[in-house]
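Have a look at data-v4.csv below; it lists CSV, C-alpha atoms.
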```
chain,number,residue,atom,x,y,z
A,1,MET,CA,-10.0,5.3,15.3
A,2,ALA,CA,-8.2,7.1,18.1
A,3,LYS,CA,-9.1,10.8,18.2
A,4,ASP,CA,-5.7,11.7,19.7
A,5,LYS,CA,-3.6,10.0,17.0
A,6,ILE,CA,-2.8,10.8,13.4
A,7,ASN,CA,-4.6,8.4,11.1
A,8,ILE,CA,-2.4,7.0,8.4
A,9,LEU,CA,-3.6,5.0,5.4
A,10,LEU,CA,-0.8,2.7,4.3
A,11,VAL,CA,-1.2,1.0,0.9
A,12,ASP,CA,1.4,-1.5,-0.4
A,13,ASP,CA,1.1,-4.9,-2.0
A,14,GLU,CA,4.4,-6.1,-0.3
A,15,GLU,CA,3.1,-7.7,2.9
A,16,ALA,CA,6.4,-7.7,4.7
A,17,LEU,CA,7.0,-4.0,4.0
A,18,LEU,CA,3.4,-3.2,5.0
A,19,ASP,CA,3.8,-4.9,8.3
A,20,SER,CA,7.2,-3.4,9.0
A,21,ILE,CA,6.1,0.2,8.3
A,22,LYS,CA,2.9,-0.3,10.2
A,23,ARG,CA,4.7,-1.5,13.4
A,24,ARG,CA,7.3,1.2,13.2
A,25,LEU,CA,4.6,3.9,12.9
A,26,GLN,CA,2.3,2.5,15.5
A,27,ILE,CA,5.0,2.5,18.2
A,28,ARG,CA,5.5,6.2,17.4
A,29,ASP,CA,1.8,6.9,18.2
A,30,PHE,CA,0.3,6.9,14.7
A,31,ASN,CA,-2.9,5.0,14.1
A,32,VAL,CA,-2.2,3.0,10.9
A,33,ILE,CA,-4.7,1.2,8.7
A,34,ALA,CA,-2.7,-1.0,6.3
A,35,VAL,CA,-4.2,-2.5,3.2
A,36,ASN,CA,-2.6,-4.4,0.3
A,37,ARG,CA,-4.7,-3.1,-2.6
A,38,GLY,CA,-5.9,0.2,-4.1
A,39,ASP,CA,-9.6,-0.7,-4.0
A,40,LYS,CA,-9.3,-1.6,-0.3
A,41,ALA,CA,-7.7,1.8,0.3
A,42,LEU,CA,-10.6,3.7,-1.2
A,43,GLU,CA,-13.0,1.6,0.9
A,44,VAL,CA,-11.1,2.4,4.1
A,45,ALA,CA,-11.0,6.1,3.2
A,46,ARG,CA,-14.8,6.1,2.9
A,47,LEU,CA,-15.3,4.4,6.2
A,48,HIS,CA,-12.6,6.1,8.4
A,49,PRO,CA,-11.2,9.5,8.9
A,50,ILE,CA,-7.7,9.5,7.3
A,51,ASP,CA,-5.2,12.3,7.8
A,52,VAL,CA,-2.4,11.2,5.4
A,53,ALA,CA,-2.2,8.4,2.9
A,54,LEU,CA,1.1,6.6,2.1
A,55,VAL,CA,0.6,4.8,-1.2
A,56,ASP,CA,2.9,2.4,-3.2
A,57,LEU,CA,3.1,3.5,-6.8
A,58,LYS,CA,3.2,0.0,-8.5
A,59,MET,CA,0.6,-2.5,-7.4
A,60,PRO,CA,-1.5,-5.1,-9.1
A,61,GLY,CA,-5.0,-4.0,-9.9
A,62,MET,CA,-5.5,-0.4,-9.1
A,63,SER,CA,-2.2,1.5,-9.3
A,64,GLY,CA,-0.9,4.0,-6.8
A,65,LYS,CA,-1.5,6.7,-9.4
A,66,ASP,CA,-5.2,5.7,-9.6
A,67,VAL,CA,-5.4,5.7,-5.8
A,68,LEU,CA,-3.9,9.2,-5.7
A,69,LEU,CA,-6.4,10.5,-8.2
A,70,HIS,CA,-9.4,9.0,-6.4
A,71,LEU,CA,-8.3,10.2,-3.0
A,72,LYS,CA,-7.5,13.7,-4.1
A,73,LYS,CA,-10.9,13.9,-5.9
A,74,ASP,CA,-12.9,12.7,-2.9
A,75,TYR,CA,-10.8,14.3,-0.2
A,76,PRO,CA,-8.9,17.3,-1.7
A,77,TRP,CA,-7.6,18.4,1.6
A,78,MET,CA,-5.9,15.0,2.3
A,79,GLU,CA,-2.1,14.8,1.5
A,80,VAL,CA,-0.9,11.7,-0.2
A,81,VAL,CA,2.7,10.5,-0.1
A,82,ILE,CA,3.8,8.2,-2.9
A,83,ILE,CA,6.4,5.5,-2.2
A,84,THR,CA,8.1,3.5,-5.0
A,85,GLY,CA,10.8,0.9,-5.4
A,86,HIS,CA,11.2,1.8,-9.0
A,87,GLY,CA,14.3,4.0,-9.4
A,88,SER,CA,13.4,5.0,-12.9
A,89,PHE,CA,10.2,6.8,-11.8
A,90,ASP,CA,10.2,10.5,-12.5
A,91,PRO,CA,7.2,12.4,-11.2
A,92,GLN,CA,8.0,15.3,-13.6
A,93,ASN,CA,7.0,13.1,-16.5
A,94,GLU,CA,3.4,12.7,-15.3
A,95,CYS,CA,1.2,15.7,-14.8
A,96,VAL,CA,-1.0,14.1,-12.2
A,97,TYR,CA,1.8,13.5,-9.8
A,98,ASP,CA,1.9,17.2,-8.8
A,99,GLN,CA,-1.1,16.2,-6.7
A,100,ALA,CA,1.1,14.1,-4.4
A,101,HIS,CA,2.6,15.8,-1.3
A,102,SER,CA,6.0,14.1,-1.9
A,103,TYR,CA,7.7,10.9,-3.2
A,104,LEU,CA,9.9,8.5,-1.3
A,105,GLY,CA,12.0,5.7,-2.6
A,106,LYS,CA,12.0,2.2,-1.1
A,107,PRO,CA,13.5,1.4,1.1
A,108,CYS,CA,13.2,4.7,3.0
A,109,ASP,CA,14.9,5.4,6.3
A,110,LEU,CA,12.5,5.9,9.3
A,111,ASP,CA,13.7,9.5,10.1
A,112,THR,CA,12.9,10.6,6.5
A,113,LEU,CA,9.6,8.9,6.5
A,114,LEU,CA,8.6,10.5,9.9
A,115,ARG,CA,9.7,13.9,8.7
A,116,VAL,CA,7.6,13.6,5.5
A,117,LEU,CA,4.6,12.3,7.4
A,118,VAL,CA,4.7,15.2,9.9
A,119,ASP,CA,5.0,17.7,7.1
A,120,ALA,CA,2.2,16.0,5.1
A,121,TYR,CA,-0.1,16.0,8.2
A,122,LYS,CA,0.7,19.6,8.9
A,123,LYS,CA,-0.3,20.4,5.3
A,124,THR,CA,-3.5,18.3,5.6
A,125,VAL,CA,-4.6,20.3,8.6
A,126,MET,CA,-3.8,23.6,6.9
A,127,ASN,CA,-5.8,22.5,3.9
A,128,ARG,CA,-8.8,21.4,6.1
A,129,LEU,CA,-8.8,24.6,8.1
A,130,HIS,CA,-7.9,26.9,5.2
A,131,MET,CA,-4.8,28.1,7.1
A,132,SER,CA,-1.7,29.7,5.7
A,133,PRO,CA,1.8,28.2,6.6
A,134,LYS,CA,2.5,31.4,8.5
A,135,GLU,CA,-0.7,31.0,10.6
A,136,MET,CA,0.2,27.3,11.3
A,137,ASP,CA,3.8,28.1,12.3
A,138,ALA,CA,2.5,30.8,14.6
A,139,LEU,CA,0.2,28.3,16.4
A,140,ILE,CA,3.0,25.7,16.6
A,141,LYS,CA,5.6,28.1,17.9
A,142,GLN,CA,3.4,29.4,20.7
A,143,GLU,CA,5.1,26.7,22.8
A,144,GLU,CA,8.6,25.3,23.1
A,145,LEU,CA,8.2,22.0,21.3
A,146,THR,CA,11.4,19.9,21.5
A,147,SER,CA,10.4,16.7,19.7
A,148,PRO,CA,8.6,15.6,16.6
A,149,ARG,CA,6.0,13.9,18.8
A,150,GLU,CA,5.3,17.2,20.6
A,151,VAL,CA,4.9,18.9,17.2
A,152,LEU,CA,2.6,16.2,16.0
A,153,LYS,CA,0.6,16.4,19.2
A,154,ARG,CA,0.3,20.2,18.8
A,155,ILE,CA,-0.8,19.9,15.2
A,156,LYS,CA,-3.5,17.3,16.2
A,157,GLU,CA,-4.8,19.7,18.9
A,158,ILE,CA,-5.0,22.5,16.2
A,159,ASP,CA,-6.8,20.1,13.9
A,160,GLN,CA,-9.3,19.1,16.6
A,161,ASP,CA,-9.9,22.7,17.8
A,162,GLY,CA,-10.5,23.8,14.2
A,163,GLN,CA,-13.1,21.2,13.3
```
Since I need it in another form, could you write the structure as structure tokens?
Amino acid sequence: MAKDKINILLVDDEEALLDSIKRRLQIRDFNVIAVNRGDKALEVARLHPIDVALVDLKMPGMSGKDVLLHLKKDYPWMEVVIITGHGSFDPQNECVYDQAHSYLGKPCDLDTLLRVLVDAYKKTVMNRLHMSPKEMDALIKQEELTSPREVLKRIKEIDQDGQ
């Protein structure tokens, strides 16, 4: 695992989508571990430091809902983003889904995905360091950051300094 990169756990049973998202995130300086099953995701989380999980809702075997519940139980500070290709999904109908950071429909445009991952990582760091949004914003705004990459880099520095 690269210490200077944000570690994303990507879980989806659709191999083509898994590979596409992984490549797109890696060229934007994320470290991505991609797996195609929920049980593999839990194994990866036990073995590697994960900052944010991006989890497909509907998968054979262990569902995204089960992965969400296990990750939040074992790593309560970790933010989990649910992705789904099922338009009829309504997180308000399931009480456990309030544990997810956010929900994205498939396909999702890259700018939206990046924005959500940056926000989820920021929240993960705040959770880990018991920091308020106001404290985090003050640390980020100490410098003039002009790009999402610079913001991510600054949040990673805050994360490393706080641990």
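Residues in contact range of A:Asp56, defined as at most 6 Å between only C-alpha atoms, with sequence neighbours fewer than 5 positions away removed, read Val11, Asp12, Gly64, Ile82, Ile83 and Thr84 of chain A.
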May I have the residues from that selection written out with C-alpha atoms, as a PDB file, in the coordinates of the input?
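See part-v2.pdb below for the written result:
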```pdb
ATOM      1  CA  VAL A  11      -1.200   1.000   0.900  1.00  0.00           C
ATOM      2  CA  ASP A  12       1.400  -1.500  -0.400  1.00  0.00           C
ATOM      3  CA  GLY A  64      -0.900   4.000  -6.800  1.00  0.00           C
ATOM      4  CA  ILE A  82       3.800   8.200  -2.900  1.00  0.00           C
ATOM      5  CA  ILE A  83       6.400   5.500  -2.200  1.00  0.00           C
ATOM      6  CA  THR A  84       8.100   3.500  -5.000  1.00  0.00           C
TER       7      THR A  84
END
```
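Considering the residues A:Val44, A:Leu25, A:Ile158, A:Val125 and counting only C-alpha atoms, A:Leu113 has its shortest atom-to-atom contact with A:Leu25.
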One residue among A:Met62, A:Leu68, A:Val80, A:Leu17 is nearest to A:Lys106 when using all atoms listed in the file, and that residue is A:Leu17
Here atom CA of A:Ala41 and atom CA of A:Val67 stand apart by 7.6 Å
Å distance separating atom CA of A:Leu114 from atom CA of A:Glu135, one decimal place: 22.5 Å
Nearest candidate to A:Leu18 (options A:Ile33, A:Ala120, A:Leu110, A:Ala138; using all atoms listed in the file): A:Ile33
Separation of atom CA of A:Val118 and atom CA of A:Met78, in Å? 13.0 Å
Just the residues within 12 Å of A:His70, please, counting only C-alpha atoms, with nothing from its chain fewer than 6 positions along; format it as a PDB file with C-alpha atoms, keeping the file's coordinate frame.
```pdb
ATOM      1  CA  GLY A  38      -5.900   0.200  -4.100  1.00  0.00           C
ATOM      2  CA  ASP A  39      -9.600  -0.700  -4.000  1.00  0.00           C
ATOM      3  CA  ALA A  41      -7.700   1.800   0.300  1.00  0.00           C
ATOM      4  CA  LEU A  42     -10.600   3.700  -1.200  1.00  0.00           C
ATOM      5  CA  GLU A  43     -13.000   1.600   0.900  1.00  0.00           C
ATOM      6  CA  ALA A  45     -11.000   6.100   3.200  1.00  0.00           C
ATOM      7  CA  ARG A  46     -14.800   6.100   2.900  1.00  0.00           C
ATOM      8  CA  ALA A  53      -2.200   8.400   2.900  1.00  0.00           C
ATOM      9  CA  MET A  62      -5.500  -0.400  -9.100  1.00  0.00           C
ATOM     10  CA  SER A  63      -2.200   1.500  -9.300  1.00  0.00           C
ATOM     11  CA  GLY A  64      -0.900   4.000  -6.800  1.00  0.00           C
ATOM     12  CA  PRO A  76      -8.900  17.300  -1.700  1.00  0.00           C
ATOM     13  CA  MET A  78      -5.900  15.000   2.300  1.00  0.00           C
ATOM     14  CA  VAL A  80      -0.900  11.700  -0.200  1.00  0.00           C
ATOM     15  CA  VAL A  96      -1.000  14.100 -12.200  1.00  0.00           C
ATOM     16  CA  GLN A  99      -1.100  16.200  -6.700  1.00  0.00           C
ATOM     17  CA  ALA A 100       1.100  14.100  -4.400  1.00  0.00           C
TER      18      ALA A 100
END
```
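In terms of minimum interatomic distance to A:Ser102, A:Val116 ranks closest within A:Leu69, A:Ala16, A:Val116, A:Leu152, counting all atoms listed in the file.
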Shortest contact to A:Lys65, candidates A:Met126, A:Asp98, A:Ser147, A:Lys40, atoms counted all atoms listed in the file, goes to A:Asp98
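The protein and nucleic acid residues lying at most 12 Å from A:Gln160 are Lys3, Asp4, Lys5, Ile6, Asp51, Val125, Arg128, Leu129, Lys153, Arg154, Ile155, Lys156, Glu157 and Gln163 of chain A, with all atoms listed in the file considered and sequence neighbours fewer than 3 positions away removed.
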Considering all atoms listed in the file, state which residue in the set A:Glu15, A:Val81, A:Tyr75, A:Lys22 is at the smallest distance from A:Met59. A:Glu15
Place N, CA, C and O atoms on stretch 69-87 of chain A and deliver the coordinates as a PDB file, in the coordinates of the input.
```pdb
ATOM      1  N   LEU A  69      -5.326   9.742  -7.506  1.00  0.00           N
ATOM      2  CA  LEU A  69      -6.400  10.500  -8.200  1.00  0.00           C
ATOM      3  C   LEU A  69      -7.715  10.426  -7.488  1.00  0.00           C
ATOM      4  O   LEU A  69      -8.396  11.444  -7.310  1.00  0.00           O
ATOM      5  N   HIS A  70      -8.098   9.224  -7.087  1.00  0.00           N
ATOM      6  CA  HIS A  70      -9.400   9.000  -6.400  1.00  0.00           C
ATOM      7  C   HIS A  70      -9.390   9.738  -5.038  1.00  0.00           C
ATOM      8  O   HIS A  70     -10.382  10.393  -4.676  1.00  0.00           O
ATOM      9  N   LEU A  71      -8.308   9.580  -4.271  1.00  0.00           N
ATOM     10  CA  LEU A  71      -8.300  10.200  -3.000  1.00  0.00           C
ATOM     11  C   LEU A  71      -8.304  11.733  -3.059  1.00  0.00           C
ATOM     12  O   LEU A  71      -9.018  12.391  -2.304  1.00  0.00           O
ATOM     13  N   LYS A  72      -7.547  12.290  -3.991  1.00  0.00           N
ATOM     14  CA  LYS A  72      -7.500  13.700  -4.100  1.00  0.00           C
ATOM     15  C   LYS A  72      -8.858  14.284  -4.652  1.00  0.00           C
ATOM     16  O   LYS A  72      -9.261  15.387  -4.302  1.00  0.00           O
ATOM     17  N   LYS A  73      -9.555  13.491  -5.451  1.00  0.00           N
ATOM     18  CA  LYS A  73     -10.900  13.900  -5.900  1.00  0.00           C
ATOM     19  C   LYS A  73     -11.897  13.911  -4.804  1.00  0.00           C
ATOM     20  O   LYS A  73     -12.657  14.861  -4.639  1.00  0.00           O
ATOM     21  N   ASP A  74     -11.905  12.841  -4.006  1.00  0.00           N
ATOM     22  CA  ASP A  74     -12.900  12.700  -2.900  1.00  0.00           C
ATOM     23  C   ASP A  74     -12.523  13.448  -1.660  1.00  0.00           C
ATOM     24  O   ASP A  74     -13.406  13.837  -0.897  1.00  0.00           O
ATOM     25  N   TYR A  75     -11.237  13.618  -1.409  1.00  0.00           N
ATOM     26  CA  TYR A  75     -10.800  14.300  -0.200  1.00  0.00           C
ATOM     27  C   TYR A  75      -9.636  15.250  -0.560  1.00  0.00           C
ATOM     28  O   TYR A  75      -8.459  14.995  -0.285  1.00  0.00           O
ATOM     29  N   PRO A  76      -9.978  16.360  -1.204  1.00  0.00           N
ATOM     30  CA  PRO A  76      -8.900  17.300  -1.700  1.00  0.00           C
ATOM     31  C   PRO A  76      -8.010  17.843  -0.683  1.00  0.00           C
ATOM     32  O   PRO A  76      -6.888  18.235  -1.000  1.00  0.00           O
ATOM     33  N   TRP A  77      -8.421  17.875   0.542  1.00  0.00           N
ATOM     34  CA  TRP A  77      -7.600  18.400   1.600  1.00  0.00           C
ATOM     35  C   TRP A  77      -6.533  17.378   2.081  1.00  0.00           C
ATOM     36  O   TRP A  77      -5.539  17.742   2.684  1.00  0.00           O
ATOM     37  N   MET A  78      -6.758  16.078   1.802  1.00  0.00           N
ATOM     38  CA  MET A  78      -5.900  15.000   2.300  1.00  0.00           C
ATOM     39  C   MET A  78      -4.543  15.024   1.483  1.00  0.00           C
ATOM     40  O   MET A  78      -4.544  15.099   0.272  1.00  0.00           O
ATOM     41  N   GLU A  79      -3.447  14.907   2.197  1.00  0.00           N
ATOM     42  CA  GLU A  79      -2.100  14.800   1.500  1.00  0.00           C
ATOM     43  C   GLU A  79      -1.814  13.321   1.333  1.00  0.00           C
ATOM     44  O   GLU A  79      -2.076  12.479   2.191  1.00  0.00           O
ATOM     45  N   VAL A  80      -1.250  13.037   0.153  1.00  0.00           N
ATOM     46  CA  VAL A  80      -0.900  11.700  -0.200  1.00  0.00           C
ATOM     47  C   VAL A  80       0.609  11.656  -0.536  1.00  0.00           C
ATOM     48  O   VAL A  80       1.108  12.474  -1.312  1.00  0.00           O
ATOM     49  N   VAL A  81       1.307  10.726   0.086  1.00  0.00           N
ATOM     50  CA  VAL A  81       2.700  10.500  -0.100  1.00  0.00           C
ATOM     51  C   VAL A  81       2.868   9.247  -0.967  1.00  0.00           C
ATOM     52  O   VAL A  81       2.309   8.208  -0.616  1.00  0.00           O
ATOM     53  N   ILE A  82       3.600   9.323  -2.061  1.00  0.00           N
ATOM     54  CA  ILE A  82       3.800   8.200  -2.900  1.00  0.00           C
ATOM     55  C   ILE A  82       5.167   7.526  -2.562  1.00  0.00           C
ATOM     56  O   ILE A  82       6.173   8.227  -2.405  1.00  0.00           O
ATOM     57  N   ILE A  83       5.163   6.201  -2.423  1.00  0.00           N
ATOM     58  CA  ILE A  83       6.400   5.500  -2.200  1.00  0.00           C
ATOM     59  C   ILE A  83       6.608   4.536  -3.400  1.00  0.00           C
ATOM     60  O   ILE A  83       5.650   3.995  -3.941  1.00  0.00           O
ATOM     61  N   THR A  84       7.845   4.379  -3.807  1.00  0.00           N
ATOM     62  CA  THR A  84       8.100   3.500  -5.000  1.00  0.00           C
ATOM     63  C   THR A  84       9.480   2.859  -4.842  1.00  0.00           C
ATOM     64  O   THR A  84      10.422   3.457  -4.344  1.00  0.00           O
ATOM     65  N   GLY A  85       9.537   1.652  -5.321  1.00  0.00           N
ATOM     66  CA  GLY A  85      10.800   0.900  -5.400  1.00  0.00           C
ATOM     67  C   GLY A  85      11.401   0.973  -6.773  1.00  0.00           C
ATOM     68  O   GLY A  85      12.410   0.334  -7.048  1.00  0.00           O
ATOM     69  N   HIS A  86      10.772   1.730  -7.654  1.00  0.00           N
ATOM     70  CA  HIS A  86      11.200   1.800  -9.000  1.00  0.00           C
ATOM     71  C   HIS A  86      12.079   3.062  -9.228  1.00  0.00           C
ATOM     72  O   HIS A  86      11.557   4.168  -9.285  1.00  0.00           O
ATOM     73  N   GLY A  87      13.381   2.847  -9.320  1.00  0.00           N
ATOM     74  CA  GLY A  87      14.300   4.000  -9.400  1.00  0.00           C
ATOM     75  C   GLY A  87      14.171   4.794 -10.666  1.00  0.00           C
ATOM     76  O   GLY A  87      14.578   5.945 -10.698  1.00  0.00           O
TER      77      GLY A  87
END
```
